[in-house]
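Data block below; observations after.
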Amino acid sequence: MKYKRSLLKLSGEALMGKKEFGFHSSSLQKYAEEVKKVVDIGGQVAIVIGGGNIFRGLSNKNMKKKMIGRIGGDYMGMLATVINGIAFQAYLENLGICTSIQTAIRMDQIAEPFVKDRAIHHLEKGRVVIFVAGLGNPYFTTDTAAVLRAMEIKADVLLKGTRVDGIYTDDPEKDKYAKKLTSISFDMAYKMEIKVMDKTAFILGNENNLPIIIFDINKKGNLKKVISGEKIGTIVSK
Ligand code: UDP
């Protein structure tokens with residue numbers, strides 16, 4: 001196994017499957033099975049879960065009408081990640097995986113507060129840790145939260161599971177000659193204005209030397225392959 005401890009960023013969009021809102025049971029089941037394959041071979045997996053399938057602070061219509069401001073919208077987005085975390089926990093536990101949810105906004109009845117050392121302890125015991133509520137601050141995204149949490153728990157890699165199988169020279173849906181890049185520097189990723197991940201996340205990854213792999217989470221077996229070191233997706237590194 002190349003990456004013993006990984007931080008998987010699962011976006012809300014991924015949980016939605018083909019639906020336009022909320023979550024899709026078979027997608028949750030599929031990702032839980034992917035995680036199980038890694039846990040079964042002794043991989044330590046922490047997850048930062050997004051909330052865009054339920055609520056996104058910046059793009060919600062109410063905000064445009066100025067009914068709900070940015071900060072309120074962001075808190076709603078963070079709470080959406082908690083809903084996703086609880087849902088995904090159920091699918092993991094159903095497969096016999098021990099889990100713990102850690103939240104950046106205290107809600108003691110639902111989840112433990114985020115404590116780095118406790119998170120590491122859970123991982124060492126073979127439990128999957130699900131980080132919810134992002135960083136607990138408005139004006140951030142769960143991509144940025146994923147980089148920060150990865151650094152805090154000393155993850156070997158950040159895995160960004162998406163619908164695309166990596167970074168291309170151009171948008172492959174628009175340009176049929178676009179080529180997939182197997183590796184790319186942080187500087188390049190930043191300059192290319194890649195939409196698959198936030199710029200802040202790339203900056204933090206670069207400053208802290210955390211490799212980020214963008215890969216297709218929907219392809220069966222991919223998560224285990226990435227962790228084993230197979231060249232899947234695009235690796236962004238120094
Ligand atoms: N959010 C926030 N601070 C954080 C993480 C998330 O304010 O630290 C809010 C923000 O409004 C964001 C929403 O929560 O749009 C959902 O997160 P995100 O858009 O990152 O989810 P994803 O795109 O991964 O589904």
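Labels used: A, B, ... for chains in the order of the structure tokens, numbers from 1 for residues in each chain, and numbers from 1 for ligands as shown.
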
At most 7 Å from ligand 1 (only C-alpha atoms and all ligand atoms): residue list as a ChimeraX atom specification | /A:10-13,49-53,55-58,73-78,80-81,133-143,145

Give the alpha helix (DSSP H) residues of stretch 116-212 of chain A, as assigned by DSSP on the backbone, as number ranges by chain.
-> A: 116-124, 142-152, 186-191, 199-207

Report the closest atom pair, with its distance in Å rounded to one decimal, for each residue of stretch 126-212 of chain A that has an atom no farther than 10 Å from stretch 34-48 of chain A; count only C-alpha atoms, sort by chain and then rising residue number, and write it as a tab-separated table.
residue	atom	partner	partner_atom	distance
A:Gly126	CA	A:Gln44	CA	6.3
A:Arg127	CA	A:Gln44	CA	7.5
A:Val128	CA	A:Val45	CA	5.4
A:Val129	CA	A:Ala46	CA	4.7
A:Ile130	CA	A:Ile47	CA	4.7
A:Phe131	CA	A:Val48	CA	4.8
A:Val132	CA	A:Val48	CA	6.4
A:Ala133	CA	A:Val48	CA	8.9
A:Gly134	CA	A:Val48	CA	7.4
A:Thr142	CA	A:Val48	CA	6.9
A:Asp143	CA	A:Val48	CA	8.2
A:Thr144	CA	A:Val48	CA	9.9
A:Ala145	CA	A:Val48	CA	7.3
A:Ala146	CA	A:Val48	CA	5.6
A:Val147	CA	A:Val48	CA	9.3
A:Arg149	CA	A:Val48	CA	8.0
A:Ala150	CA	A:Ala46	CA	8.3
A:Ile153	CA	A:Ala46	CA	8.8
A:Ala155	CA	A:Ala46	CA	8.6
A:Leu158	CA	A:Ile47	CA	9.7
A:Leu159	CA	A:Ile47	CA	9.4
A:Lys160	CA	A:Val48	CA	9.8

Skip A:Ile167 itself and residues of its chain fewer than 4 positions away, then list as a PDB file with N, CA and C atoms, in the first residue's frame all residues within 9 Å of it, counting only C-alpha atoms.
ATOM      1  N   ASP A 171     -11.368  21.305 -21.127  1.00  0.00           N
ATOM      2  CA  ASP A 171     -12.572  20.612 -20.686  1.00  0.00           C
ATOM      3  C   ASP A 171     -12.906  19.477 -21.677  1.00  0.00           C
ATOM      4  N   LYS A 179      -6.351  16.386 -23.490  1.00  0.00           N
ATOM      5  CA  LYS A 179      -5.576  15.228 -23.018  1.00  0.00           C
ATOM      6  C   LYS A 179      -5.545  15.169 -21.499  1.00  0.00           C
ATOM      7  N   LYS A 180      -5.568  13.955 -20.976  1.00  0.00           N
ATOM      8  CA  LYS A 180      -5.495  13.805 -19.522  1.00  0.00           C
ATOM      9  C   LYS A 180      -4.040  13.911 -19.054  1.00  0.00           C
ATOM     10  N   LEU A 181      -3.836  14.625 -17.964  1.00  0.00           N
ATOM     11  CA  LEU A 181      -2.482  14.776 -17.424  1.00  0.00           C
ATOM     12  C   LEU A 181      -2.340  13.803 -16.246  1.00  0.00           C
ATOM     13  N   THR A 182      -1.259  13.033 -16.227  1.00  0.00           N
ATOM     14  CA  THR A 182      -1.118  12.086 -15.114  1.00  0.00           C
ATOM     15  C   THR A 182      -0.518  12.756 -13.882  1.00  0.00           C
ATOM     16  N   SER A 183       0.306  13.797 -14.119  1.00  0.00           N
ATOM     17  CA  SER A 183       0.813  14.545 -12.971  1.00  0.00           C
ATOM     18  C   SER A 183       0.973  16.007 -13.359  1.00  0.00           C
ATOM     19  N   ILE A 184       0.900  16.840 -12.374  1.00  0.00           N
ATOM     20  CA  ILE A 184       0.917  18.280 -12.611  1.00  0.00           C
ATOM     21  C   ILE A 184       1.408  18.962 -11.335  1.00  0.00           C
ATOM     22  N   ALA A 189      -1.535  23.791 -11.658  1.00  0.00           N
ATOM     23  CA  ALA A 189      -2.955  23.577 -11.346  1.00  0.00           C
ATOM     24  C   ALA A 189      -3.612  24.916 -11.003  1.00  0.00           C
ATOM     25  N   ILE A 194      -8.196  25.257 -12.566  1.00  0.00           N
ATOM     26  CA  ILE A 194      -8.946  24.001 -12.587  1.00  0.00           C
ATOM     27  C   ILE A 194     -10.148  24.077 -11.646  1.00  0.00           C
ATOM     28  N   VAL A 196     -12.116  21.662 -10.669  1.00  0.00           N
ATOM     29  CA  VAL A 196     -12.430  20.484  -9.873  1.00  0.00           C
ATOM     30  C   VAL A 196     -12.050  20.648  -8.390  1.00  0.00           C
ATOM     31  N   ILE A 214      -6.633  13.630  -7.971  1.00  0.00           N
ATOM     32  CA  ILE A 214      -7.994  13.815  -8.473  1.00  0.00           C
ATOM     33  C   ILE A 214      -8.327  12.560  -9.277  1.00  0.00           C
ATOM     34  N   PHE A 215      -9.375  11.860  -8.921  1.00  0.00           N
ATOM     35  CA  PHE A 215      -9.658  10.604  -9.622  1.00  0.00           C
ATOM     36  C   PHE A 215     -11.161  10.341  -9.681  1.00  0.00           C
ATOM     37  N   GLY A 233      -5.984   8.634 -12.314  1.00  0.00           N
ATOM     38  CA  GLY A 233      -6.284  10.051 -12.136  1.00  0.00           C
ATOM     39  C   GLY A 233      -5.071  10.941 -12.371  1.00  0.00           C
ATOM     40  N   THR A 234      -5.112  12.110 -11.738  1.00  0.00           N
ATOM     41  CA  THR A 234      -3.997  13.069 -11.873  1.00  0.00           C
ATOM     42  C   THR A 234      -3.462  13.401 -10.489  1.00  0.00           C
ATOM     43  N   ILE A 235      -2.167  13.315 -10.341  1.00  0.00           N
ATOM     44  CA  ILE A 235      -1.572  13.692  -9.052  1.00  0.00           C
ATOM     45  C   ILE A 235      -1.048  15.121  -9.144  1.00  0.00           C
TER      46      ILE A 235
END

Would you please work out which residue, of A:Ser6, A:Asn208, A:Asn218, A:Thr200, is nearest to A:Leu28 when using only C-alpha atoms?
-> A:Asn218

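Closest approach to A:Ile213 from the set A:Leu92, A:Met151, A:Leu7, A:Ile97 is made by A:Leu7, with distances taken over only C-alpha atoms.
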
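Close contacts of A:Ile227, defined as residues with an atom at most 6 Å away when counting only C-alpha atoms, with chain neighbours fewer than 3 positions off set aside, comprise Lys2, Tyr3 and Lys224 of chain A.
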
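Backbone DSSP of stretch 83-207 of chain A yields strand (DSSP E) at Thr99, Ser100, Ile101, Gln102, Thr103, Glu112, Pro113, Val128, Val129, Ile130, Phe131, Val132, Val157, Leu158, Leu159, Lys160, Gly161, Thr162, Ile167, Tyr168, Lys180, Leu181, Ser183, Ile184 and Ser185 of chain A.
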
Would you write out those residues with N, CA and C atoms, as a compact mmCIF listing (two decimals), in the first residue's frame?
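File result_9.txt, as written:
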# COMPACT_ATOMS: atom_id res chain seq x y z
N THR A 99 -17.05 3.61 12.86
CA THR A 99 -16.87 4.99 12.40
C THR A 99 -16.98 5.98 13.56
N SER A 100 -16.52 7.16 13.29
CA SER A 100 -16.76 8.25 14.22
C SER A 100 -16.97 9.51 13.39
N ILE A 101 -17.96 10.30 13.78
CA ILE A 101 -18.15 11.59 13.11
C ILE A 101 -17.52 12.65 14.01
N GLN A 102 -16.72 13.51 13.41
CA GLN A 102 -16.17 14.65 14.16
C GLN A 102 -16.62 15.94 13.48
N THR A 103 -17.13 16.84 14.28
CA THR A 103 -17.67 18.06 13.71
C THR A 103 -16.88 19.31 14.11
N GLU A 112 -18.73 13.85 17.78
CA GLU A 112 -17.64 14.34 18.64
C GLU A 112 -17.16 15.67 18.10
N PRO A 113 -16.64 16.52 18.97
CA PRO A 113 -16.00 17.72 18.41
C PRO A 113 -14.71 17.30 17.72
N VAL A 128 -13.15 4.49 10.62
CA VAL A 128 -13.20 5.55 9.61
C VAL A 128 -13.72 6.82 10.30
N VAL A 129 -13.01 7.91 10.10
CA VAL A 129 -13.44 9.18 10.71
C VAL A 129 -14.07 10.07 9.65
N ILE A 130 -15.28 10.53 9.94
CA ILE A 130 -15.96 11.42 8.99
C ILE A 130 -15.96 12.83 9.58
N PHE A 131 -15.29 13.73 8.88
CA PHE A 131 -15.25 15.13 9.35
C PHE A 131 -16.40 15.89 8.71
N VAL A 132 -17.19 16.53 9.55
CA VAL A 132 -18.32 17.31 9.03
C VAL A 132 -18.24 18.77 9.51
N VAL A 157 -1.83 11.50 1.83
CA VAL A 157 -2.35 11.99 0.55
C VAL A 157 -3.79 12.50 0.73
N LEU A 158 -4.15 13.43 -0.12
CA LEU A 158 -5.56 13.86 -0.17
C LEU A 158 -6.15 13.34 -1.47
N LEU A 159 -7.24 12.61 -1.34
CA LEU A 159 -7.87 12.03 -2.53
C LEU A 159 -9.17 12.77 -2.80
N LYS A 160 -9.23 13.36 -3.97
CA LYS A 160 -10.46 14.07 -4.32
C LYS A 160 -11.23 13.21 -5.32
N GLY A 161 -12.27 12.56 -4.82
CA GLY A 161 -13.08 11.69 -5.66
C GLY A 161 -14.12 12.51 -6.42
N THR A 162 -14.08 12.44 -7.74
CA THR A 162 -15.02 13.24 -8.54
C THR A 162 -15.64 12.38 -9.64
N ILE A 167 -7.30 15.54 -14.35
CA ILE A 167 -7.22 16.89 -14.91
C ILE A 167 -6.83 16.79 -16.38
N TYR A 168 -7.52 17.54 -17.21
CA TYR A 168 -7.28 17.53 -18.66
C TYR A 168 -6.70 18.86 -19.11
N LYS A 180 -5.57 13.96 -20.98
CA LYS A 180 -5.49 13.81 -19.52
C LYS A 180 -4.04 13.91 -19.05
N LEU A 181 -3.84 14.62 -17.96
CA LEU A 181 -2.48 14.78 -17.42
C LEU A 181 -2.34 13.80 -16.25
N SER A 183 0.31 13.80 -14.12
CA SER A 183 0.81 14.55 -12.97
C SER A 183 0.97 16.01 -13.36
N ILE A 184 0.90 16.84 -12.37
CA ILE A 184 0.92 18.28 -12.61
C ILE A 184 1.41 18.96 -11.34
N SER A 185 2.06 20.12 -11.49
CA SER A 185 2.53 20.83 -10.29
C SER A 185 1.40 21.68 -9.71
